[in-house]
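As provided, run.txt (compact mmCIF, N, CA and C atoms) reads as follows.
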# COMPACT_ATOMS: atom_id res chain seq x y z
N MET A 232 -17.99 73.60 -12.64
CA MET A 232 -16.91 74.25 -13.36
C MET A 232 -16.89 73.73 -14.79
N VAL A 233 -16.86 74.64 -15.74
CA VAL A 233 -16.67 74.29 -17.14
C VAL A 233 -15.27 74.72 -17.51
N LEU A 234 -14.51 73.78 -18.02
CA LEU A 234 -13.11 74.02 -18.34
C LEU A 234 -12.90 73.85 -19.84
N VAL A 235 -12.32 74.86 -20.47
CA VAL A 235 -11.96 74.80 -21.89
C VAL A 235 -10.45 74.96 -22.00
N MET A 236 -9.90 74.57 -23.14
CA MET A 236 -8.45 74.64 -23.30
C MET A 236 -7.95 76.07 -23.42
N ASP A 237 -8.66 76.89 -24.20
CA ASP A 237 -8.17 78.25 -24.43
C ASP A 237 -9.32 79.18 -24.75
N PRO A 238 -9.10 80.47 -24.62
CA PRO A 238 -10.13 81.45 -25.01
C PRO A 238 -10.37 81.38 -26.51
N GLU A 239 -11.50 81.92 -26.92
CA GLU A 239 -11.77 82.04 -28.36
C GLU A 239 -10.89 83.15 -28.93
N GLN A 240 -10.61 83.02 -30.21
CA GLN A 240 -9.89 84.11 -30.87
C GLN A 240 -10.76 85.36 -30.79
N GLY A 241 -10.19 86.45 -30.36
CA GLY A 241 -10.94 87.70 -30.25
C GLY A 241 -11.49 87.96 -28.86
N ASP A 242 -11.42 86.99 -27.96
CA ASP A 242 -11.87 87.24 -26.58
C ASP A 242 -11.01 88.33 -25.97
N SER A 243 -11.66 89.26 -25.28
CA SER A 243 -10.89 90.29 -24.58
C SER A 243 -11.49 90.55 -23.21
N GLU A 244 -12.73 90.96 -23.16
CA GLU A 244 -13.39 91.27 -21.89
C GLU A 244 -13.88 90.02 -21.17
N THR A 245 -14.36 89.05 -21.95
CA THR A 245 -14.96 87.85 -21.36
C THR A 245 -14.45 86.60 -22.08
N LEU A 246 -14.41 85.52 -21.34
CA LEU A 246 -14.02 84.23 -21.90
C LEU A 246 -15.18 83.67 -22.72
N LEU A 247 -14.89 83.18 -23.89
CA LEU A 247 -15.87 82.60 -24.81
C LEU A 247 -16.95 83.61 -25.17
N SER A 248 -16.53 84.69 -25.76
CA SER A 248 -17.46 85.76 -26.11
C SER A 248 -18.00 85.65 -27.54
N GLY A 249 -17.59 84.59 -28.26
CA GLY A 249 -18.04 84.44 -29.64
C GLY A 249 -18.94 83.23 -29.84
N THR A 250 -18.74 82.55 -30.96
CA THR A 250 -19.61 81.43 -31.32
C THR A 250 -19.50 80.27 -30.33
N HIS A 251 -18.32 80.01 -29.80
CA HIS A 251 -18.17 78.94 -28.80
C HIS A 251 -18.97 79.27 -27.54
N GLY A 252 -18.92 80.52 -27.16
CA GLY A 252 -19.69 80.96 -25.99
C GLY A 252 -21.19 80.84 -26.22
N ASN A 253 -21.62 81.15 -27.44
CA ASN A 253 -23.05 81.00 -27.76
C ASN A 253 -23.48 79.54 -27.66
N LEU A 254 -22.65 78.64 -28.18
CA LEU A 254 -22.96 77.21 -28.08
C LEU A 254 -23.00 76.78 -26.61
N LEU A 255 -22.01 77.20 -25.84
CA LEU A 255 -21.99 76.83 -24.42
C LEU A 255 -23.22 77.37 -23.70
N ALA A 256 -23.62 78.59 -23.99
CA ALA A 256 -24.81 79.16 -23.36
C ALA A 256 -26.05 78.32 -23.65
N LYS A 257 -26.18 77.86 -24.89
CA LYS A 257 -27.32 77.01 -25.26
C LYS A 257 -27.24 75.66 -24.56
N MET A 258 -26.03 75.13 -24.44
CA MET A 258 -25.85 73.86 -23.74
C MET A 258 -26.22 74.00 -22.26
N LEU A 259 -25.76 75.07 -21.64
CA LEU A 259 -26.07 75.28 -20.22
C LEU A 259 -27.58 75.42 -20.01
N GLU A 260 -28.23 76.13 -20.93
CA GLU A 260 -29.68 76.28 -20.84
C GLU A 260 -30.37 74.91 -20.93
N ALA A 261 -29.93 74.09 -21.86
CA ALA A 261 -30.51 72.75 -22.01
C ALA A 261 -30.23 71.89 -20.77
N MET A 262 -29.09 72.12 -20.13
CA MET A 262 -28.73 71.38 -18.92
C MET A 262 -29.43 71.93 -17.68
N GLN A 263 -30.18 73.00 -17.88
CA GLN A 263 -30.88 73.69 -16.80
C GLN A 263 -29.90 74.25 -15.76
N LEU A 264 -28.81 74.80 -16.27
CA LEU A 264 -27.82 75.47 -15.43
C LEU A 264 -27.79 76.95 -15.83
N HIS A 265 -27.75 77.81 -14.84
CA HIS A 265 -27.66 79.24 -15.10
C HIS A 265 -26.19 79.62 -15.21
N ALA A 266 -25.87 80.47 -16.16
CA ALA A 266 -24.48 80.87 -16.39
C ALA A 266 -23.81 81.38 -15.12
N GLU A 267 -24.57 82.08 -14.27
CA GLU A 267 -23.96 82.61 -13.04
C GLU A 267 -23.67 81.51 -12.01
N GLU A 268 -24.19 80.31 -12.22
CA GLU A 268 -23.90 79.18 -11.33
C GLU A 268 -22.65 78.41 -11.77
N VAL A 269 -22.16 78.74 -12.96
CA VAL A 269 -21.06 77.97 -13.55
C VAL A 269 -19.78 78.79 -13.51
N TYR A 270 -18.73 78.19 -12.99
CA TYR A 270 -17.41 78.80 -13.01
C TYR A 270 -16.75 78.38 -14.31
N LEU A 271 -16.52 79.32 -15.20
CA LEU A 271 -15.92 79.06 -16.51
C LEU A 271 -14.44 79.40 -16.45
N ALA A 272 -13.61 78.45 -16.86
CA ALA A 272 -12.16 78.65 -16.81
C ALA A 272 -11.50 78.11 -18.07
N SER A 273 -10.35 78.68 -18.36
CA SER A 273 -9.54 78.28 -19.50
C SER A 273 -8.19 77.81 -19.00
N VAL A 274 -7.69 76.71 -19.56
CA VAL A 274 -6.38 76.21 -19.18
C VAL A 274 -5.30 77.22 -19.57
N LEU A 275 -5.40 77.73 -20.79
CA LEU A 275 -4.39 78.65 -21.30
C LEU A 275 -4.89 80.10 -21.25
N PRO A 276 -3.98 81.04 -21.10
CA PRO A 276 -4.39 82.44 -20.98
C PRO A 276 -4.72 83.12 -22.30
N ARG A 277 -4.37 82.49 -23.42
CA ARG A 277 -4.66 83.10 -24.72
C ARG A 277 -5.05 82.03 -25.73
N HIS A 278 -5.66 82.47 -26.81
CA HIS A 278 -6.08 81.57 -27.87
C HIS A 278 -4.86 80.85 -28.44
N THR A 279 -4.88 79.52 -28.41
CA THR A 279 -3.75 78.71 -28.85
C THR A 279 -4.27 77.54 -29.67
N PRO A 280 -4.47 77.73 -30.97
CA PRO A 280 -4.97 76.63 -31.79
C PRO A 280 -4.04 75.43 -31.74
N MET A 281 -4.65 74.25 -31.72
CA MET A 281 -3.90 72.99 -31.73
C MET A 281 -2.95 72.85 -30.54
N ALA A 282 -3.36 73.33 -29.38
CA ALA A 282 -2.52 73.21 -28.18
C ALA A 282 -2.22 71.75 -27.90
N ASP A 283 -1.00 71.46 -27.54
CA ASP A 283 -0.53 70.11 -27.29
C ASP A 283 -0.58 69.81 -25.80
N GLY A 284 -1.63 69.11 -25.37
CA GLY A 284 -1.82 68.80 -23.95
C GLY A 284 -0.64 68.11 -23.30
N PRO A 285 -0.11 67.02 -23.89
CA PRO A 285 1.03 66.35 -23.27
C PRO A 285 2.25 67.27 -23.11
N ALA A 286 2.53 68.09 -24.11
CA ALA A 286 3.67 69.01 -24.02
C ALA A 286 3.43 70.05 -22.93
N LEU A 287 2.20 70.54 -22.82
CA LEU A 287 1.88 71.52 -21.79
C LEU A 287 2.01 70.91 -20.39
N ALA A 288 1.66 69.63 -20.27
CA ALA A 288 1.79 68.94 -18.98
C ALA A 288 3.26 68.90 -18.56
N VAL A 289 4.13 68.60 -19.50
CA VAL A 289 5.57 68.55 -19.22
C VAL A 289 6.08 69.93 -18.81
N GLN A 290 5.49 70.99 -19.37
CA GLN A 290 5.92 72.35 -19.08
C GLN A 290 5.39 72.87 -17.74
N GLY A 291 4.58 72.09 -17.05
CA GLY A 291 4.10 72.50 -15.74
C GLY A 291 2.66 72.98 -15.69
N PHE A 292 1.99 73.05 -16.84
CA PHE A 292 0.61 73.51 -16.85
C PHE A 292 -0.31 72.57 -16.08
N SER A 293 0.09 71.31 -15.98
CA SER A 293 -0.72 70.33 -15.26
C SER A 293 -0.88 70.73 -13.80
N LYS A 294 0.23 71.09 -13.17
CA LYS A 294 0.18 71.49 -11.75
C LYS A 294 -0.63 72.77 -11.56
N VAL A 295 -0.46 73.70 -12.48
CA VAL A 295 -1.21 74.96 -12.40
C VAL A 295 -2.71 74.69 -12.54
N LEU A 296 -3.09 73.87 -13.52
CA LEU A 296 -4.50 73.55 -13.73
C LEU A 296 -5.08 72.83 -12.52
N GLN A 297 -4.40 71.85 -12.01
CA GLN A 297 -4.91 71.11 -10.87
C GLN A 297 -5.04 72.01 -9.63
N HIS A 298 -4.11 72.92 -9.47
CA HIS A 298 -4.19 73.87 -8.35
C HIS A 298 -5.39 74.81 -8.54
N HIS A 299 -5.60 75.25 -9.77
CA HIS A 299 -6.74 76.13 -10.09
C HIS A 299 -8.05 75.42 -9.73
N ILE A 300 -8.17 74.17 -10.14
CA ILE A 300 -9.38 73.41 -9.85
C ILE A 300 -9.56 73.26 -8.34
N LYS A 301 -8.49 72.98 -7.64
CA LYS A 301 -8.58 72.83 -6.18
C LYS A 301 -9.02 74.14 -5.53
N LEU A 302 -8.48 75.26 -5.99
CA LEU A 302 -8.87 76.57 -5.44
C LEU A 302 -10.33 76.90 -5.73
N ALA A 303 -10.79 76.57 -6.92
CA ALA A 303 -12.17 76.85 -7.30
C ALA A 303 -13.14 75.95 -6.52
N ALA A 304 -12.67 74.77 -6.12
CA ALA A 304 -13.47 73.81 -5.35
C ALA A 304 -14.86 73.57 -5.94
N PRO A 305 -14.91 73.19 -7.22
CA PRO A 305 -16.23 72.96 -7.84
C PRO A 305 -16.87 71.67 -7.32
N GLN A 306 -18.18 71.59 -7.52
CA GLN A 306 -18.89 70.35 -7.18
C GLN A 306 -18.64 69.30 -8.25
N ALA A 307 -18.38 69.73 -9.47
CA ALA A 307 -18.10 68.84 -10.60
C ALA A 307 -17.39 69.66 -11.68
N VAL A 308 -16.71 68.95 -12.58
CA VAL A 308 -15.99 69.61 -13.67
C VAL A 308 -16.46 69.01 -15.00
N LEU A 309 -16.76 69.89 -15.92
CA LEU A 309 -17.05 69.51 -17.30
C LEU A 309 -15.87 70.02 -18.12
N ALA A 310 -15.04 69.10 -18.59
CA ALA A 310 -13.85 69.45 -19.38
C ALA A 310 -14.19 69.34 -20.86
N LEU A 311 -14.23 70.46 -21.55
CA LEU A 311 -14.58 70.50 -22.96
C LEU A 311 -13.32 70.65 -23.80
N GLY A 312 -12.81 69.52 -24.24
CA GLY A 312 -11.59 69.48 -25.04
C GLY A 312 -10.74 68.31 -24.59
N THR A 313 -10.59 67.31 -25.44
CA THR A 313 -9.84 66.13 -25.02
C THR A 313 -8.35 66.43 -24.83
N ASN A 314 -7.86 67.54 -25.37
CA ASN A 314 -6.46 67.90 -25.15
C ASN A 314 -6.21 68.40 -23.73
N ILE A 315 -7.27 68.57 -22.95
CA ILE A 315 -7.14 68.94 -21.53
C ILE A 315 -6.77 67.72 -20.69
N LEU A 316 -7.20 66.55 -21.13
CA LEU A 316 -7.07 65.34 -20.32
C LEU A 316 -5.64 64.99 -19.90
N PRO A 317 -4.63 65.13 -20.77
CA PRO A 317 -3.27 64.84 -20.32
C PRO A 317 -2.83 65.72 -19.15
N LEU A 318 -3.40 66.91 -19.06
CA LEU A 318 -3.06 67.82 -17.97
C LEU A 318 -3.67 67.37 -16.64
N LEU A 319 -4.58 66.42 -16.73
CA LEU A 319 -5.24 65.89 -15.54
C LEU A 319 -4.77 64.47 -15.22
N GLY A 320 -3.67 64.07 -15.86
CA GLY A 320 -3.09 62.76 -15.59
C GLY A 320 -3.70 61.61 -16.36
N HIS A 321 -4.45 61.92 -17.41
CA HIS A 321 -5.10 60.87 -18.20
C HIS A 321 -4.15 60.30 -19.23
N ASN A 322 -4.11 58.99 -19.33
CA ASN A 322 -3.30 58.31 -20.32
C ASN A 322 -4.01 58.38 -21.67
N ALA A 323 -3.34 58.85 -22.68
CA ALA A 323 -3.95 59.05 -24.00
C ALA A 323 -4.43 57.74 -24.62
N ALA A 324 -3.90 56.61 -24.18
CA ALA A 324 -4.32 55.32 -24.73
C ALA A 324 -5.71 54.92 -24.23
N GLN A 325 -6.19 55.58 -23.19
CA GLN A 325 -7.50 55.26 -22.64
C GLN A 325 -8.58 56.12 -23.26
N GLU A 326 -9.79 55.62 -23.24
CA GLU A 326 -10.97 56.36 -23.71
C GLU A 326 -11.17 57.56 -22.78
N PRO A 327 -11.47 58.76 -23.32
CA PRO A 327 -11.70 59.93 -22.45
C PRO A 327 -12.74 59.70 -21.37
N ALA A 328 -13.75 58.88 -21.66
CA ALA A 328 -14.81 58.63 -20.67
C ALA A 328 -14.28 57.86 -19.46
N SER A 329 -13.08 57.26 -19.57
CA SER A 329 -12.56 56.49 -18.44
C SER A 329 -12.09 57.40 -17.30
N LEU A 330 -11.82 58.67 -17.58
CA LEU A 330 -11.44 59.60 -16.52
C LEU A 330 -12.72 60.21 -15.94
N GLN A 331 -13.11 59.75 -14.76
CA GLN A 331 -14.37 60.17 -14.17
C GLN A 331 -14.20 61.03 -12.93
N ASN A 332 -12.99 61.17 -12.45
CA ASN A 332 -12.71 62.00 -11.28
C ASN A 332 -11.37 62.69 -11.47
N ILE A 333 -11.27 63.85 -10.89
CA ILE A 333 -9.98 64.53 -10.79
C ILE A 333 -9.54 64.34 -9.35
N ASP A 334 -8.40 63.70 -9.16
CA ASP A 334 -7.86 63.47 -7.83
C ASP A 334 -6.51 64.16 -7.75
N HIS A 335 -6.39 65.07 -6.79
CA HIS A 335 -5.14 65.83 -6.66
C HIS A 335 -4.96 66.27 -5.22
N GLU A 336 -3.87 65.84 -4.62
CA GLU A 336 -3.50 66.25 -3.26
C GLU A 336 -4.68 66.19 -2.28
N GLY A 337 -5.34 65.04 -2.23
CA GLY A 337 -6.44 64.86 -1.29
C GLY A 337 -7.75 65.48 -1.71
N PHE A 338 -7.79 66.07 -2.89
CA PHE A 338 -9.00 66.71 -3.41
C PHE A 338 -9.51 65.85 -4.55
N SER A 339 -10.79 65.52 -4.53
CA SER A 339 -11.38 64.71 -5.58
C SER A 339 -12.70 65.34 -6.01
N VAL A 340 -12.92 65.39 -7.30
CA VAL A 340 -14.15 65.97 -7.84
C VAL A 340 -14.57 65.17 -9.08
N PRO A 341 -15.88 64.89 -9.22
CA PRO A 341 -16.33 64.19 -10.41
C PRO A 341 -16.13 65.03 -11.67
N MET A 342 -15.82 64.33 -12.77
CA MET A 342 -15.55 65.04 -14.01
C MET A 342 -16.17 64.31 -15.19
N LEU A 343 -16.67 65.08 -16.13
CA LEU A 343 -17.12 64.56 -17.41
C LEU A 343 -16.27 65.23 -18.48
N ALA A 344 -15.60 64.43 -19.28
CA ALA A 344 -14.77 64.95 -20.36
C ALA A 344 -15.50 64.78 -21.68
N ALA A 345 -15.39 65.77 -22.54
CA ALA A 345 -16.04 65.71 -23.85
C ALA A 345 -15.17 66.45 -24.86
N GLU A 346 -15.54 66.30 -26.11
CA GLU A 346 -14.84 67.02 -27.16
C GLU A 346 -15.02 68.51 -26.94
N GLY A 347 -14.14 69.28 -27.54
CA GLY A 347 -14.21 70.73 -27.40
C GLY A 347 -15.38 71.33 -28.16
N LEU A 348 -15.68 72.56 -27.83
CA LEU A 348 -16.80 73.26 -28.47
C LEU A 348 -16.57 73.40 -29.97
N ASP A 349 -15.32 73.61 -30.39
CA ASP A 349 -15.03 73.73 -31.82
C ASP A 349 -15.36 72.43 -32.55
N ALA A 350 -15.02 71.29 -31.94
CA ALA A 350 -15.32 69.99 -32.56
C ALA A 350 -16.83 69.76 -32.62
N MET A 351 -17.54 70.14 -31.55
CA MET A 351 -18.99 69.97 -31.54
C MET A 351 -19.66 70.83 -32.61
N MET A 352 -19.11 72.01 -32.84
CA MET A 352 -19.68 72.88 -33.88
C MET A 352 -19.42 72.31 -35.26
N ALA A 353 -18.26 71.69 -35.45
CA ALA A 353 -17.90 71.14 -36.76
C ALA A 353 -18.63 69.83 -37.05
N MET A 354 -18.92 69.06 -35.99
CA MET A 354 -19.56 67.75 -36.17
C MET A 354 -20.76 67.63 -35.23
N PRO A 355 -21.94 67.96 -35.70
CA PRO A 355 -23.13 67.96 -34.86
C PRO A 355 -23.39 66.63 -34.12
N ARG A 356 -22.94 65.51 -34.68
CA ARG A 356 -23.16 64.24 -33.99
C ARG A 356 -22.45 64.20 -32.64
N LEU A 357 -21.38 64.99 -32.50
CA LEU A 357 -20.67 65.05 -31.21
C LEU A 357 -21.54 65.72 -30.15
N LYS A 358 -22.38 66.67 -30.55
CA LYS A 358 -23.30 67.30 -29.60
C LYS A 358 -24.29 66.27 -29.08
N ALA A 359 -24.79 65.42 -29.97
CA ALA A 359 -25.74 64.38 -29.56
C ALA A 359 -25.05 63.38 -28.64
N ARG A 360 -23.83 63.02 -28.96
CA ARG A 360 -23.09 62.08 -28.10
C ARG A 360 -22.84 62.71 -26.73
N PHE A 361 -22.45 63.98 -26.73
CA PHE A 361 -22.25 64.66 -25.46
C PHE A 361 -23.54 64.65 -24.63
N TRP A 362 -24.66 64.95 -25.27
CA TRP A 362 -25.92 65.02 -24.55
C TRP A 362 -26.26 63.69 -23.89
N ARG A 363 -26.07 62.60 -24.63
CA ARG A 363 -26.33 61.27 -24.06
C ARG A 363 -25.42 61.01 -22.86
N ARG A 364 -24.16 61.36 -22.98
CA ARG A 364 -23.21 61.16 -21.88
C ARG A 364 -23.57 62.05 -20.69
N TRP A 365 -24.00 63.28 -20.96
CA TRP A 365 -24.42 64.20 -19.89
C TRP A 365 -25.60 63.61 -19.11
N LEU A 366 -26.59 63.11 -19.84
CA LEU A 366 -27.76 62.52 -19.20
C LEU A 366 -27.37 61.31 -18.34
N ASP A 367 -26.49 60.47 -18.87
CA ASP A 367 -26.02 59.32 -18.09
C ASP A 367 -25.26 59.78 -16.85
N TRP A 368 -24.39 60.77 -17.02
CA TRP A 368 -23.54 61.25 -15.92
C TRP A 368 -24.37 61.88 -14.81
N THR A 369 -25.41 62.59 -15.19
CA THR A 369 -26.24 63.27 -14.19
C THR A 369 -27.39 62.40 -13.70
N GLY A 370 -27.61 61.26 -14.35
CA GLY A 370 -28.68 60.38 -13.94
C GLY A 370 -30.07 60.87 -14.34
N ARG A 371 -30.12 61.77 -15.30
CA ARG A 371 -31.40 62.30 -15.77
C ARG A 371 -31.98 61.40 -16.86
N PRO A 372 -33.28 61.31 -16.93
CA PRO A 372 -33.89 60.48 -17.98
C PRO A 372 -33.70 61.12 -19.36
N ALA A 373 -33.63 60.27 -20.35
CA ALA A 373 -33.46 60.75 -21.73
C ALA A 373 -34.73 61.36 -22.28
Show how you would write the structure in this file as structure tokens.
Amino acid sequence: MVLVMDPEQGDSETLLSGTHGNLLAKMLEAMQLHAEEVYLASVLPRHTPMADGPALAVQGFSKVLQHHIKLAAPQAVLALGTNILPLLGHNAAQEPASLQNIDHEGFSVPMLAAEGLDAMMAMPRLKARFWRRWLDWTGRPA
């Protein structure tokens, strides 16, 4: 499961139909994952720049997101956007890499959290950092 905070601006028929989707498609190809093998989901139903994860958690989005993940029953979750982490019970004072599992109502799934696609596009070094973390997480050689 690949989880993003919100759809791209202009998405209508498909989630991530623009530049973020192009980046994700290239990432999936490099990860040797086929798009049809990946369940792509968005926390929010519409494009919401600068979404406030902690505020959304207080509003109940945390329970909705955790229920969505449980229903999807993925083998693993790749959360792209650090503002998603508060919705998964992560303490903002901790490093995002410290959240390695999603545990909810007897359901547990491994998770890798990374910066959002927009941040990776703006700062290419984040793509390299993500790739190193992906290789470590999956146990693949560099």
Q) Near Asp237 (chain A), counting only C-alpha atoms, which residues have an atom at most 12 Å away, once you skip same-chain residues fewer than 4 positions from it, shown as a PyMOL selection string? A) chain A and resi 233+241-242+246-247+251-252+271-284+310-312+314-315+347-349
Dump of N, CA and C atoms for the selected residues, as a PDB file, keeping the file's coordinate frame:
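Output (selection.pdb):
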ATOM      1  N   VAL A 233     -16.860  74.640 -15.740  1.00  0.00           N
ATOM      2  CA  VAL A 233     -16.670  74.290 -17.140  1.00  0.00           C
ATOM      3  C   VAL A 233     -15.270  74.720 -17.510  1.00  0.00           C
ATOM      4  N   GLY A 241     -10.190  86.450 -30.360  1.00  0.00           N
ATOM      5  CA  GLY A 241     -10.940  87.700 -30.250  1.00  0.00           C
ATOM      6  C   GLY A 241     -11.490  87.960 -28.860  1.00  0.00           C
ATOM      7  N   ASP A 242     -11.420  86.990 -27.960  1.00  0.00           N
ATOM      8  CA  ASP A 242     -11.870  87.240 -26.580  1.00  0.00           C
ATOM      9  C   ASP A 242     -11.010  88.330 -25.970  1.00  0.00           C
ATOM     10  N   LEU A 246     -14.410  85.520 -21.340  1.00  0.00           N
ATOM     11  CA  LEU A 246     -14.020  84.230 -21.900  1.00  0.00           C
ATOM     12  C   LEU A 246     -15.180  83.670 -22.720  1.00  0.00           C
ATOM     13  N   LEU A 247     -14.890  83.180 -23.890  1.00  0.00           N
ATOM     14  CA  LEU A 247     -15.870  82.600 -24.810  1.00  0.00           C
ATOM     15  C   LEU A 247     -16.950  83.610 -25.170  1.00  0.00           C
ATOM     16  N   HIS A 251     -18.320  80.010 -29.800  1.00  0.00           N
ATOM     17  CA  HIS A 251     -18.170  78.940 -28.800  1.00  0.00           C
ATOM     18  C   HIS A 251     -18.970  79.270 -27.540  1.00  0.00           C
ATOM     19  N   GLY A 252     -18.920  80.520 -27.160  1.00  0.00           N
ATOM     20  CA  GLY A 252     -19.690  80.960 -25.990  1.00  0.00           C
ATOM     21  C   GLY A 252     -21.190  80.840 -26.220  1.00  0.00           C
ATOM     22  N   LEU A 271     -16.520  79.320 -15.200  1.00  0.00           N
ATOM     23  CA  LEU A 271     -15.920  79.060 -16.510  1.00  0.00           C
ATOM     24  C   LEU A 271     -14.440  79.400 -16.450  1.00  0.00           C
ATOM     25  N   ALA A 272     -13.610  78.450 -16.860  1.00  0.00           N
ATOM     26  CA  ALA A 272     -12.160  78.650 -16.810  1.00  0.00           C
ATOM     27  C   ALA A 272     -11.500  78.110 -18.070  1.00  0.00           C
ATOM     28  N   SER A 273     -10.350  78.680 -18.360  1.00  0.00           N
ATOM     29  CA  SER A 273      -9.540  78.280 -19.500  1.00  0.00           C
ATOM     30  C   SER A 273      -8.190  77.810 -19.000  1.00  0.00           C
ATOM     31  N   VAL A 274      -7.690  76.710 -19.560  1.00  0.00           N
ATOM     32  CA  VAL A 274      -6.380  76.210 -19.180  1.00  0.00           C
ATOM     33  C   VAL A 274      -5.300  77.220 -19.570  1.00  0.00           C
ATOM     34  N   LEU A 275      -5.400  77.730 -20.790  1.00  0.00           N
ATOM     35  CA  LEU A 275      -4.390  78.650 -21.300  1.00  0.00           C
ATOM     36  C   LEU A 275      -4.890  80.100 -21.250  1.00  0.00           C
ATOM     37  N   PRO A 276      -3.980  81.040 -21.100  1.00  0.00           N
ATOM     38  CA  PRO A 276      -4.390  82.440 -20.980  1.00  0.00           C
ATOM     39  C   PRO A 276      -4.720  83.120 -22.300  1.00  0.00           C
ATOM     40  N   ARG A 277      -4.370  82.490 -23.420  1.00  0.00           N
ATOM     41  CA  ARG A 277      -4.660  83.100 -24.720  1.00  0.00           C
ATOM     42  C   ARG A 277      -5.050  82.030 -25.730  1.00  0.00           C
ATOM     43  N   HIS A 278      -5.660  82.470 -26.810  1.00  0.00           N
ATOM     44  CA  HIS A 278      -6.080  81.570 -27.870  1.00  0.00           C
ATOM     45  C   HIS A 278      -4.860  80.850 -28.440  1.00  0.00           C
ATOM     46  N   THR A 279      -4.880  79.520 -28.410  1.00  0.00           N
ATOM     47  CA  THR A 279      -3.750  78.710 -28.850  1.00  0.00           C
ATOM     48  C   THR A 279      -4.270  77.540 -29.670  1.00  0.00           C
ATOM     49  N   PRO A 280      -4.470  77.730 -30.970  1.00  0.00           N
ATOM     50  CA  PRO A 280      -4.970  76.630 -31.790  1.00  0.00           C
ATOM     51  C   PRO A 280      -4.040  75.430 -31.740  1.00  0.00           C
ATOM     52  N   MET A 281      -4.650  74.250 -31.720  1.00  0.00           N
ATOM     53  CA  MET A 281      -3.900  72.990 -31.730  1.00  0.00           C
ATOM     54  C   MET A 281      -2.950  72.850 -30.540  1.00  0.00           C
ATOM     55  N   ALA A 282      -3.360  73.330 -29.380  1.00  0.00           N
ATOM     56  CA  ALA A 282      -2.520  73.210 -28.180  1.00  0.00           C
ATOM     57  C   ALA A 282      -2.220  71.750 -27.900  1.00  0.00           C
ATOM     58  N   ASP A 283      -1.000  71.460 -27.540  1.00  0.00           N
ATOM     59  CA  ASP A 283      -0.530  70.110 -27.290  1.00  0.00           C
ATOM     60  C   ASP A 283      -0.580  69.810 -25.800  1.00  0.00           C
ATOM     61  N   GLY A 284      -1.630  69.110 -25.370  1.00  0.00           N
ATOM     62  CA  GLY A 284      -1.820  68.800 -23.950  1.00  0.00           C
ATOM     63  C   GLY A 284      -0.640  68.110 -23.300  1.00  0.00           C
ATOM     64  N   ALA A 310     -15.040  69.100 -18.590  1.00  0.00           N
ATOM     65  CA  ALA A 310     -13.850  69.450 -19.380  1.00  0.00           C
ATOM     66  C   ALA A 310     -14.190  69.340 -20.860  1.00  0.00           C
ATOM     67  N   LEU A 311     -14.230  70.460 -21.550  1.00  0.00           N
ATOM     68  CA  LEU A 311     -14.580  70.500 -22.960  1.00  0.00           C
ATOM     69  C   LEU A 311     -13.320  70.650 -23.800  1.00  0.00           C
ATOM     70  N   GLY A 312     -12.810  69.520 -24.240  1.00  0.00           N
ATOM     71  CA  GLY A 312     -11.590  69.480 -25.040  1.00  0.00           C
ATOM     72  C   GLY A 312     -10.740  68.310 -24.590  1.00  0.00           C
ATOM     73  N   ASN A 314      -7.860  67.540 -25.370  1.00  0.00           N
ATOM     74  CA  ASN A 314      -6.460  67.900 -25.150  1.00  0.00           C
ATOM     75  C   ASN A 314      -6.210  68.400 -23.730  1.00  0.00           C
ATOM     76  N   ILE A 315      -7.270  68.570 -22.950  1.00  0.00           N
ATOM     77  CA  ILE A 315      -7.140  68.940 -21.530  1.00  0.00           C
ATOM     78  C   ILE A 315      -6.770  67.720 -20.690  1.00  0.00           C
ATOM     79  N   GLY A 347     -14.140  69.280 -27.540  1.00  0.00           N
ATOM     80  CA  GLY A 347     -14.210  70.730 -27.400  1.00  0.00           C
ATOM     81  C   GLY A 347     -15.380  71.330 -28.160  1.00  0.00           C
ATOM     82  N   LEU A 348     -15.680  72.560 -27.830  1.00  0.00           N
ATOM     83  CA  LEU A 348     -16.800  73.260 -28.470  1.00  0.00           C
ATOM     84  C   LEU A 348     -16.570  73.400 -29.970  1.00  0.00           C
ATOM     85  N   ASP A 349     -15.320  73.610 -30.390  1.00  0.00           N
ATOM     86  CA  ASP A 349     -15.030  73.730 -31.820  1.00  0.00           C
ATOM     87  C   ASP A 349     -15.360  72.430 -32.550  1.00  0.00           C
TER      88      ASP A 349
END
Q: Output as a ChimeraX atom specification all residues of region 239-365 of chain A that backbone DSSP marks as helix (DSSP H, G or I).
A: /A:250-261,266-268,284-289,292-303,313-319,327-329,348-353,355-365
Q.
Just the number, please: distance in Å from CA of Leu264 (chain A) to CA of Val308 (chain A), one decimal.
A. 13.3 Å
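Taking atom C of Gly337 (chain A) as the reference point, atom C of His298 (chain A) is found at 11.8 Å.
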Q: With a distance cut-off of 10 Å and only C-alpha atoms, select the neighbouring residues of Val340 (chain A), excluding the residue or stretch itself and same-chain residues fewer than 3 positions from it, and output the selection as a list in words.
A: Ile300, Lys301, Ala304, Pro305, Gln306, Ala307, Val308, Gln331, Asn332, Ile333, Asp334 and His335 of chain A
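One distance worth recording is that between atom N of Pro372 (chain A) and atom N of Ala303 (chain A), which is 29.0 Å.
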Give me the residues near Leu319 (chain A) as an mmCIF file with N, CA and C atoms, keeping the file's coordinate frame, where near means some atom within 8 Å (using only C-alpha atoms) and where sequence neighbours in that chain fewer than 6 positions away do not count.
data_model
loop_
_atom_site.group_PDB
_atom_site.id
_atom_site.type_symbol
_atom_site.label_atom_id
_atom_site.label_comp_id
_atom_site.auth_asym_id
_atom_site.auth_seq_id
_atom_site.Cartn_x
_atom_site.Cartn_y
_atom_site.Cartn_z
ATOM 1 N N SER A 293 0.090 71.310 -15.980
ATOM 2 C CA SER A 293 -0.720 70.330 -15.260
ATOM 3 C C SER A 293 -0.880 70.730 -13.800
ATOM 4 N N LEU A 296 -3.090 73.870 -13.520
ATOM 5 C CA LEU A 296 -4.500 73.550 -13.730
ATOM 6 C C LEU A 296 -5.080 72.830 -12.520
ATOM 7 N N GLN A 297 -4.400 71.850 -12.010
ATOM 8 C CA GLN A 297 -4.910 71.110 -10.870
ATOM 9 C C GLN A 297 -5.040 72.010 -9.630
ATOM 10 N N ILE A 333 -11.270 63.850 -10.890
ATOM 11 C CA ILE A 333 -9.980 64.530 -10.790
ATOM 12 C C ILE A 333 -9.540 64.340 -9.350
#
